[in-house]
file model18.txt (compact mmCIF, C-alpha atoms and all ligand atoms)
# COMPACT_ATOMS: atom_id res chain seq x y z
CA MET R 1 45.57 -26.25 -32.83
CA SER R 2 44.46 -25.87 -29.22
CA ALA R 3 45.24 -28.61 -26.68
CA TYR R 4 42.83 -31.48 -26.25
CA GLU R 5 43.53 -31.98 -22.54
CA ILE R 6 45.34 -30.13 -19.75
CA ARG R 7 46.38 -30.87 -16.17
CA VAL R 8 45.96 -27.99 -13.75
CA PHE R 9 46.94 -27.15 -10.16
CA CYS R 10 44.01 -25.66 -8.21
CA PRO R 11 45.18 -23.89 -5.05
CA ALA R 12 43.64 -24.13 -1.61
CA THR R 13 42.43 -20.73 -0.39
CA ILE R 14 41.82 -18.92 2.88
CA ALA R 15 38.56 -16.97 2.87
CA ASN R 16 37.55 -14.07 5.13
CA VAL R 17 41.14 -13.36 6.36
CA SER R 18 39.80 -12.18 9.75
CA CYS R 19 38.06 -8.87 8.99
CA GLY R 20 36.74 -9.61 5.47
CA PHE R 21 33.82 -12.00 5.95
CA ASP R 22 32.58 -13.15 2.51
CA VAL R 23 34.73 -10.55 0.69
CA LEU R 24 38.46 -11.22 1.29
CA GLY R 25 40.48 -14.29 0.35
CA LEU R 26 43.98 -15.44 -0.50
CA ALA R 27 45.47 -18.34 -2.46
CA LEU R 28 48.03 -20.82 -1.12
CA ASP R 29 51.00 -22.33 -2.92
CA ALA R 30 51.83 -25.44 -0.94
CA VAL R 31 48.37 -27.05 -0.93
CA GLY R 32 46.01 -27.69 -3.82
CA ASP R 33 44.21 -30.25 -5.96
CA GLU R 34 45.11 -31.41 -9.44
CA MET R 35 42.63 -31.91 -12.25
CA VAL R 36 42.84 -33.22 -15.79
CA VAL R 37 40.24 -31.71 -18.11
CA ARG R 38 39.72 -33.08 -21.61
CA LYS R 39 37.51 -32.05 -24.54
CA THR R 40 34.95 -34.60 -25.74
CA VAL R 41 32.76 -34.78 -28.82
CA GLU R 42 29.90 -35.83 -26.55
CA LYS R 43 28.05 -32.86 -25.03
CA GLY R 44 27.86 -32.26 -21.27
CA ILE R 45 30.25 -32.84 -18.36
CA LYS R 46 31.42 -36.24 -17.14
CA ILE R 47 33.54 -36.76 -14.03
CA THR R 48 35.48 -39.88 -14.95
CA LYS R 49 37.81 -40.18 -11.95
CA LEU R 50 37.98 -38.81 -8.40
CA GLU R 51 40.87 -39.82 -6.16
CA GLY R 52 41.87 -38.78 -2.64
CA GLN R 53 38.44 -38.08 -1.16
CA ASN R 54 35.11 -39.82 -1.05
CA LEU R 55 33.00 -37.38 -3.09
CA PRO R 56 30.21 -37.88 -5.62
CA LEU R 57 31.06 -38.50 -9.28
CA GLU R 58 27.57 -37.50 -10.47
CA THR R 59 27.80 -34.28 -12.47
CA LEU R 60 24.98 -32.57 -10.60
CA GLN R 61 26.34 -33.50 -7.18
CA ASN R 62 29.93 -32.49 -7.75
CA VAL R 63 30.83 -28.81 -7.71
CA ALA R 64 33.13 -29.28 -10.74
CA GLY R 65 30.18 -30.68 -12.69
CA VAL R 66 27.77 -27.93 -11.65
CA ALA R 67 30.26 -25.13 -12.37
CA GLY R 68 31.11 -26.81 -15.67
CA LEU R 69 27.46 -26.95 -16.72
CA ALA R 70 27.07 -23.22 -15.94
CA PHE R 71 30.10 -22.60 -18.18
CA LEU R 72 28.70 -24.75 -21.01
CA ALA R 73 25.29 -23.08 -20.82
CA ALA R 74 26.91 -19.69 -21.43
CA CYS R 75 29.01 -20.56 -24.49
CA ASP R 76 28.43 -21.88 -27.98
CA TYR R 77 31.01 -24.68 -27.81
CA GLU R 78 29.44 -27.75 -29.43
CA GLY R 79 31.15 -30.53 -27.46
CA GLY R 80 31.64 -31.36 -23.79
CA PHE R 81 34.34 -32.17 -21.23
CA GLU R 82 35.65 -35.06 -19.14
CA ILE R 83 37.16 -34.28 -15.75
CA GLU R 84 39.53 -36.21 -13.51
CA ILE R 85 39.92 -34.84 -9.98
CA TYR R 86 42.88 -35.64 -7.73
CA LYS R 87 41.93 -34.22 -4.33
CA LYS R 88 44.65 -33.19 -1.93
CA ILE R 89 42.42 -30.71 -0.06
CA LYS R 90 40.05 -32.37 2.38
CA ALA R 91 36.40 -31.43 1.87
CA GLY R 92 34.98 -29.36 4.72
CA SER R 93 38.43 -28.33 5.97
CA GLY R 94 37.82 -24.61 5.53
CA ILE R 95 40.55 -24.07 2.92
CA GLY R 96 38.38 -23.97 -0.17
CA SER R 97 38.12 -27.61 -1.18
CA SER R 98 34.97 -27.09 -3.21
CA ALA R 99 36.24 -23.83 -4.72
CA ALA R 100 39.41 -25.56 -5.97
CA SER R 101 37.31 -28.05 -7.95
CA SER R 102 34.77 -25.61 -9.33
CA THR R 103 37.35 -23.00 -10.36
CA GLY R 104 39.79 -25.62 -11.69
CA ALA R 105 37.07 -27.03 -13.92
CA VAL R 106 35.94 -23.76 -15.49
CA TRP R 107 39.45 -22.32 -15.79
CA ALA R 108 40.70 -25.41 -17.63
CA MET R 109 37.63 -25.52 -19.91
CA ASN R 110 38.16 -21.89 -20.82
CA GLU R 111 41.83 -22.57 -21.69
CA LEU R 112 40.85 -25.55 -23.86
CA ILE R 113 38.43 -23.62 -26.05
CA GLY R 114 40.48 -20.46 -26.60
CA LYS R 115 39.53 -18.37 -23.53
CA PRO R 116 36.14 -16.97 -24.52
CA PHE R 117 35.51 -15.81 -20.93
CA SER R 118 37.24 -13.28 -18.67
CA PRO R 119 38.39 -14.35 -15.17
CA LEU R 120 35.44 -12.40 -13.71
CA GLU R 121 32.98 -14.38 -15.83
CA LEU R 122 34.67 -17.59 -14.67
CA VAL R 123 34.15 -16.51 -11.04
CA LYS R 124 30.39 -16.41 -11.74
CA PHE R 125 30.35 -19.98 -13.11
CA ALA R 126 32.47 -21.28 -10.23
CA MET R 127 30.10 -19.62 -7.75
CA GLU R 128 27.41 -22.03 -8.94
CA GLY R 129 29.62 -24.82 -7.57
CA GLU R 130 29.83 -22.96 -4.25
CA ARG R 131 26.04 -22.74 -4.20
CA LEU R 132 25.94 -26.55 -4.36
CA ALA R 133 28.59 -26.96 -1.63
CA SER R 134 27.20 -24.55 0.95
CA GLY R 135 23.87 -23.21 -0.28
CA VAL R 136 25.41 -19.76 -0.72
CA PRO R 137 27.10 -18.69 -3.99
CA HIS R 138 29.95 -16.90 -2.26
CA ALA R 139 33.08 -15.84 -4.15
CA ASP R 140 35.68 -15.34 -1.42
CA ASN R 141 37.41 -18.68 -2.19
CA VAL R 142 36.86 -18.85 -5.96
CA ALA R 143 38.16 -15.32 -6.58
CA PRO R 144 41.65 -15.89 -5.09
CA ALA R 145 41.84 -19.37 -6.69
CA LEU R 146 41.23 -17.75 -10.10
CA PHE R 147 43.11 -14.47 -9.76
CA GLY R 148 45.84 -15.57 -7.33
CA GLY R 149 47.17 -13.54 -4.41
CA PHE R 150 44.71 -11.62 -2.22
CA THR R 151 41.35 -10.66 -3.66
CA LEU R 152 38.51 -8.42 -2.53
CA VAL R 153 34.95 -9.04 -3.66
CA ARG R 154 34.00 -5.36 -3.59
CA SER R 155 30.44 -6.10 -4.67
CA TYR R 156 28.34 -9.19 -5.36
CA ILE R 157 25.63 -7.47 -7.39
CA PRO R 158 27.07 -6.54 -9.79
CA LEU R 159 30.07 -8.79 -9.25
CA ASP R 160 33.25 -6.74 -8.84
CA VAL R 161 36.51 -8.44 -7.87
CA VAL R 162 39.70 -6.51 -7.11
CA LYS R 163 43.13 -8.15 -7.03
CA ILE R 164 45.20 -6.91 -4.10
CA ASN R 165 49.01 -6.73 -3.97
CA THR R 166 50.77 -9.56 -2.11
CA PRO R 167 53.79 -8.49 -0.03
CA SER R 168 56.74 -10.69 -1.01
CA GLU R 169 57.67 -11.82 2.49
CA LEU R 170 54.18 -12.86 3.55
CA TYR R 171 53.66 -16.53 4.50
CA ALA R 172 50.60 -18.39 5.70
CA THR R 173 50.43 -21.16 8.28
CA VAL R 174 47.24 -23.23 8.32
CA ILE R 175 46.33 -25.94 10.78
CA HIS R 176 43.37 -28.23 10.12
CA PRO R 177 42.21 -29.99 13.29
CA GLN R 178 40.49 -33.26 12.34
CA ILE R 179 37.06 -32.36 13.66
CA GLU R 180 33.91 -31.80 11.68
CA VAL R 181 32.29 -28.38 11.50
CA LYS R 182 29.43 -28.25 9.02
CA THR R 183 29.54 -25.12 6.83
CA SER R 184 25.76 -24.89 7.25
CA ASP R 185 26.13 -24.87 11.10
CA SER R 186 28.89 -22.27 11.04
CA ARG R 187 26.68 -20.03 8.88
CA ARG R 188 23.49 -20.66 10.86
CA ILE R 189 24.94 -19.49 14.18
CA LEU R 190 25.90 -16.09 12.80
CA LYS R 191 23.75 -13.07 13.62
CA THR R 192 22.20 -11.34 10.61
CA THR R 193 22.62 -7.84 12.03
CA ILE R 194 25.65 -6.07 13.51
CA SER R 195 25.99 -3.01 15.69
CA LEU R 196 27.23 0.26 14.23
CA GLU R 197 30.09 0.11 16.73
CA ASP R 198 31.25 -3.29 15.41
CA GLY R 199 30.75 -2.14 11.82
CA ILE R 200 33.04 0.83 12.39
CA LYS R 201 35.81 -1.40 13.78
CA GLN R 202 35.38 -3.94 10.99
CA TRP R 203 35.48 -1.61 7.99
CA GLY R 204 38.38 0.27 9.57
CA ASN R 205 40.27 -3.02 9.63
CA VAL R 206 39.31 -4.03 6.07
CA GLY R 207 40.57 -0.67 4.79
CA GLY R 208 43.71 -0.98 6.95
CA LEU R 209 44.45 -4.48 5.71
CA ILE R 210 44.09 -3.50 2.05
CA ALA R 211 46.28 -0.43 2.55
CA GLY R 212 48.84 -2.52 4.45
CA LEU R 213 48.97 -5.13 1.67
CA PHE R 214 49.48 -2.48 -1.04
CA THR R 215 52.13 -0.54 0.86
CA GLU R 216 53.75 -3.75 2.24
CA ASP R 217 53.39 -2.30 5.75
CA TYR R 218 53.55 -5.43 7.90
CA ASP R 219 52.70 -3.57 11.13
CA LEU R 220 49.55 -2.17 9.57
CA ILE R 221 48.65 -5.64 8.25
CA SER R 222 49.13 -6.97 11.76
CA ARG R 223 46.98 -4.29 13.42
CA SER R 224 44.22 -4.88 10.86
CA LEU R 225 43.94 -8.66 11.23
CA GLU R 226 41.05 -8.44 13.70
CA ASP R 227 37.51 -9.74 13.42
CA HIS R 228 34.91 -8.29 15.78
CA ILE R 229 31.91 -9.88 14.12
CA VAL R 230 32.28 -13.51 13.04
CA GLU R 231 35.24 -14.93 14.97
CA PRO R 232 33.80 -14.40 18.47
CA ILE R 233 30.78 -16.54 17.47
CA ARG R 234 32.34 -19.15 15.17
CA SER R 235 35.39 -19.84 17.29
CA ILE R 236 33.13 -21.57 19.82
CA LEU R 237 32.81 -24.46 17.33
CA ILE R 238 36.60 -24.97 17.17
CA PRO R 239 38.19 -26.64 20.20
CA GLY R 240 41.44 -24.97 21.27
CA PHE R 241 40.92 -21.95 18.99
CA ASP R 242 41.89 -19.29 21.56
CA SER R 243 45.07 -21.15 22.58
CA VAL R 244 46.13 -21.81 18.97
CA LYS R 245 45.62 -18.16 18.07
CA GLN R 246 47.45 -16.91 21.17
CA LYS R 247 50.39 -19.28 20.55
CA ALA R 248 50.61 -18.07 16.94
CA LEU R 249 50.75 -14.43 18.08
CA ASP R 250 53.23 -15.20 20.87
CA ASN R 251 55.51 -16.79 18.28
CA GLY R 252 55.61 -13.79 15.97
CA ALA R 253 52.55 -14.15 13.71
CA LEU R 254 51.17 -10.87 12.35
CA GLY R 255 47.66 -12.16 12.98
CA SER R 256 45.59 -15.32 13.21
CA GLY R 257 41.96 -16.29 12.73
CA ILE R 258 39.50 -18.83 11.36
CA SER R 259 40.09 -19.95 7.78
CA GLY R 260 36.79 -19.71 5.92
CA SER R 261 34.08 -21.33 7.98
CA GLY R 262 36.64 -23.42 9.87
CA PRO R 263 37.73 -25.63 11.48
CA SER R 264 41.11 -24.68 9.96
CA ILE R 265 42.92 -21.83 11.70
CA PHE R 266 45.35 -19.63 9.77
CA ALA R 267 48.14 -17.27 10.73
CA LEU R 268 50.03 -14.81 8.55
CA SER R 269 53.71 -14.13 9.21
CA LYS R 270 56.55 -12.08 7.80
CA GLY R 271 59.11 -14.60 6.54
CA GLU R 272 59.12 -18.38 6.23
CA GLU R 273 61.15 -18.90 9.40
CA THR R 274 58.49 -17.22 11.56
CA ALA R 275 55.70 -19.07 9.73
CA LYS R 276 57.45 -22.37 10.57
CA ASN R 277 57.85 -21.40 14.23
CA VAL R 278 54.17 -20.49 14.30
CA ALA R 279 53.33 -23.90 12.81
CA LYS R 280 55.29 -25.64 15.57
CA ALA R 281 53.54 -23.62 18.27
CA MET R 282 50.09 -24.31 16.79
CA THR R 283 50.70 -28.06 16.58
CA GLU R 284 51.83 -28.18 20.22
CA VAL R 285 48.36 -27.02 21.29
CA TYR R 286 46.60 -29.87 19.46
CA ASP R 287 49.26 -32.40 20.53
CA LYS R 288 48.43 -31.44 24.12
CA ILE R 289 44.64 -31.65 23.65
CA GLY R 290 44.99 -34.89 21.66
CA ILE R 291 43.37 -33.79 18.38
CA ASP R 292 44.94 -34.93 15.07
CA TYR R 293 45.71 -32.25 12.50
CA ASP R 294 47.22 -31.41 9.12
CA ILE R 295 49.55 -28.43 9.05
CA HIS R 296 50.72 -26.37 6.08
CA VAL R 297 53.23 -23.54 5.72
CA SER R 298 52.86 -21.78 2.41
CA LYS R 299 53.94 -18.76 0.47
CA ILE R 300 51.00 -16.75 -0.85
CA ASN R 301 50.31 -17.95 -4.41
CA SER R 302 50.16 -14.86 -6.57
CA GLU R 303 49.43 -16.76 -9.80
CA GLY R 304 46.27 -18.75 -9.00
CA ILE R 305 45.31 -21.81 -11.04
CA LYS R 306 47.99 -22.91 -13.50
CA ILE R 307 48.79 -25.60 -16.05
CA ILE R 308 51.25 -28.21 -14.76
P1 LIG H 401 35.81 -26.15 2.48
O1 LIG H 401 35.29 -26.07 3.88
O2 LIG H 401 37.14 -26.81 2.41
O3 LIG H 401 35.79 -24.83 1.78
P2 LIG H 401 33.37 -26.69 1.40
O4 LIG H 401 32.59 -26.72 2.66
O5 LIG H 401 33.38 -25.48 0.57
O6 LIG H 401 34.86 -27.10 1.69
O7 LIG H 401 32.85 -27.86 0.46
C1 LIG H 401 32.66 -29.14 0.88
C2 LIG H 401 31.29 -29.62 0.40
O8 LIG H 401 31.21 -29.63 -1.04
C3 LIG H 401 31.06 -31.05 0.84
O9 LIG H 401 29.72 -31.16 1.23
C4 LIG H 401 31.31 -31.86 -0.41
O10 LIG H 401 30.58 -33.06 -0.43
C5 LIG H 401 30.85 -30.92 -1.53
N1 LIG H 401 31.54 -31.20 -2.79
C6 LIG H 401 30.97 -31.57 -3.96
N2 LIG H 401 31.90 -31.69 -4.93
C7 LIG H 401 33.10 -31.43 -4.37
C8 LIG H 401 34.43 -31.40 -4.87
N3 LIG H 401 34.74 -31.70 -6.13
N4 LIG H 401 35.41 -31.06 -4.01
C9 LIG H 401 35.12 -30.76 -2.73
N5 LIG H 401 33.89 -30.77 -2.19
C10 LIG H 401 32.87 -31.10 -3.01

call {"tool": "encode", "arguments": {"input": "model18.txt", "output": "C-alpha cells"}}
result
Amino acid sequence: MSAYEIRVFCPATIANVSCGFDVLGLALDAVGDEMVVRKTVEKGIKITKLEGQNLPLETLQNVAGVAGLAFLAACDYEGGFEIEIYKKIKAGSGIGSSAASSTGAVWAMNELIGKPFSPLELVKFAMEGERLASGVPHADNVAPALFGGFTLVRSYIPLDVVKINTPSELYATVIHPQIEVKTSDSRRILKTTISLEDGIKQWGNVGGLIAGLFTEDYDLISRSLEDHIVEPIRSILIPGFDSVKQKALDNGALGSGISGSGPSIFALSKGEETAKNVAKAMTEVYDKIGIDYDIHVSKINSEGIKII
C-alpha cells in the first residue's frame, strides 16, 4: 500500500547563475523548506499549517496550492491533499522560496499516488505556482529543485529541461542582505532587446559554463560566469553589490553574481574552505555598510527534493 503522508525537503535554488537568465539554475543542500503532504478523501488542496513566514494559507494565494490544483486537474485521482509548510527560505530572498513550495507540493503528491507524472510534467505544474509568485511562469528555480544539480531550460515551448553534471568540489556561497527588492521591479527595469554584441558574449558564456560543468574544468567555469545583459542593470537595486562581488573574487571565488532576481548574491568556489573564506569576505562588506544579512555555504544538491 502506498504511503498516506510524507515529509519532504525542498531545496533553495539559485536561478540564472550569471549568464543564464531564465534558463540556468542550481539546487542547494544547506538551505530548504520542509513540507508534509497527506492524502485526503476530500477533493481539492488545503494548506493546514504554514510556519516560519507570514504567507497566505488560502489555496489560490499560495503557490503550493496553485501548483497542487494544476496537478490535480491533470490526473484522475479521486481525492485531495493537505499540506503543511515549514518555511526556512525567506520569501522574496532570490533563492527560490516560491519554487521550493510549488515543487515540493507537486513532487510529494506524485509520490503519494504512485508517480503518474514524469519530472518534466511536474515542472509544468510547479510553473503555475511561479506564475502566481511573479507573474511569469519561469522554470529556472523549479527545474533544479525537481531534478537536482544544475539544470538548463533549453526551451520553454515546448518545455525541454536538461540536467547538467555537477563537479564534485563545487560549493556555493549565498548572502541575503535584508533589503526588499520586488521581483516585479527587478523584471520591469530590464530591457526587452539586447545587442548582437552582448548576445554573442552571453551565449559564448552559457556554452562555456555548460562545457565547464560537464568536463569539471573549474577555470572554464570561472571564465564563463559573466553576465553582460542582466547584472549591469539589476545590480543597481542591490546596495554594495560591486564590493561584495569583488571581495568574493579576491578571496578565490570562481565567479559571483545576483541570485535569481536578487537581492541575494551568490558565489561559486572550488572547495568548501574557499567557499567559507568567500562567505567571510562577503559578510565583512555588509558589516561595514550596516546591513543585516543571512549567509549560507552549501554543497550543490545533486538529488533535488527528497523524502526525509
Ligand atoms: P524568491 O525571490 O525567493 O524566489 P519569489 O519572489 O519567487 O521568492 O516568491 C515570493 C512571492 O511568492 C511572495 O510574493 C509570496 O507572497 C508569494 N508566495 C505565495 N506562496 C508562497 C509560498 N508557499 N512560499 C513562498 N512564497 C510564496

call {"tool": "axis_aligned_box", "arguments": {"input": "model18.txt", "around": "stretch 46-64 of chain R", "padding_each_side": "3 Å", "output": "lines of an AutoDock Vina configuration file"}}
result
center_x = 33.4
center_y = -34.5
center_z = -9.1
size_x = 22.9
size_y = 17.4
size_z = 22.1

call {"tool": "residues_near_ligand", "arguments": {"input": "model18.txt", "ligand": "ligand LIG 401 (chain H)", "cutoff": "6 Å", "atoms": "all atoms listed in the file", "output": "PDB file with C-alpha atoms, keeping the file's coordinate frame"}}
result
ATOM      1  CA  LEU R  55      33.000 -37.380  -3.090  1.00  0.00           C
ATOM      2  CA  GLN R  61      26.340 -33.500  -7.180  1.00  0.00           C
ATOM      3  CA  ASN R  62      29.930 -32.490  -7.750  1.00  0.00           C
ATOM      4  CA  VAL R  63      30.830 -28.810  -7.710  1.00  0.00           C
ATOM      5  CA  ALA R  64      33.130 -29.280 -10.740  1.00  0.00           C
ATOM      6  CA  ALA R  91      36.400 -31.430   1.870  1.00  0.00           C
ATOM      7  CA  GLY R  92      34.980 -29.360   4.720  1.00  0.00           C
ATOM      8  CA  SER R  93      38.430 -28.330   5.970  1.00  0.00           C
ATOM      9  CA  GLY R  94      37.820 -24.610   5.530  1.00  0.00           C
ATOM     10  CA  ILE R  95      40.550 -24.070   2.920  1.00  0.00           C
ATOM     11  CA  GLY R  96      38.380 -23.970  -0.170  1.00  0.00           C
ATOM     12  CA  SER R  97      38.120 -27.610  -1.180  1.00  0.00           C
ATOM     13  CA  SER R  98      34.970 -27.090  -3.210  1.00  0.00           C
ATOM     14  CA  SER R 101      37.310 -28.050  -7.950  1.00  0.00           C
ATOM     15  CA  ALA R 133      28.590 -26.960  -1.630  1.00  0.00           C
ATOM     16  CA  THR R 183      29.540 -25.120   6.830  1.00  0.00           C
TER      17      THR R 183
END

call {"tool": "residues_around", "arguments": {"input": "model18.txt", "residues": "stretch 293-306 of chain R", "least_positions_apart": "3", "cutoff": "8 Å", "atoms": "only C-alpha atoms", "output": "ChimeraX atom specification"}}
result
/R:8-11,26-31,104,107,144-150,166,170-178,272,275-276,279,283,286

call {"tool": "residues_around", "arguments": {"input": "model18.txt", "residues": "R:Thr59", "least_positions_apart": "3", "cutoff": "9 Å", "atoms": "only C-alpha atoms", "output": "ChimeraX atom specification"}}
result
/R:45-47,56,62-66,68-69

call {"tool": "closest_residue", "arguments": {"input": "model18.txt", "among": "R:Asn277, R:Ser186, R:Ser224, R:Thr103", "to": "R:Lys201", "atoms": "all atoms listed in the file"}}
result
R:Ser224
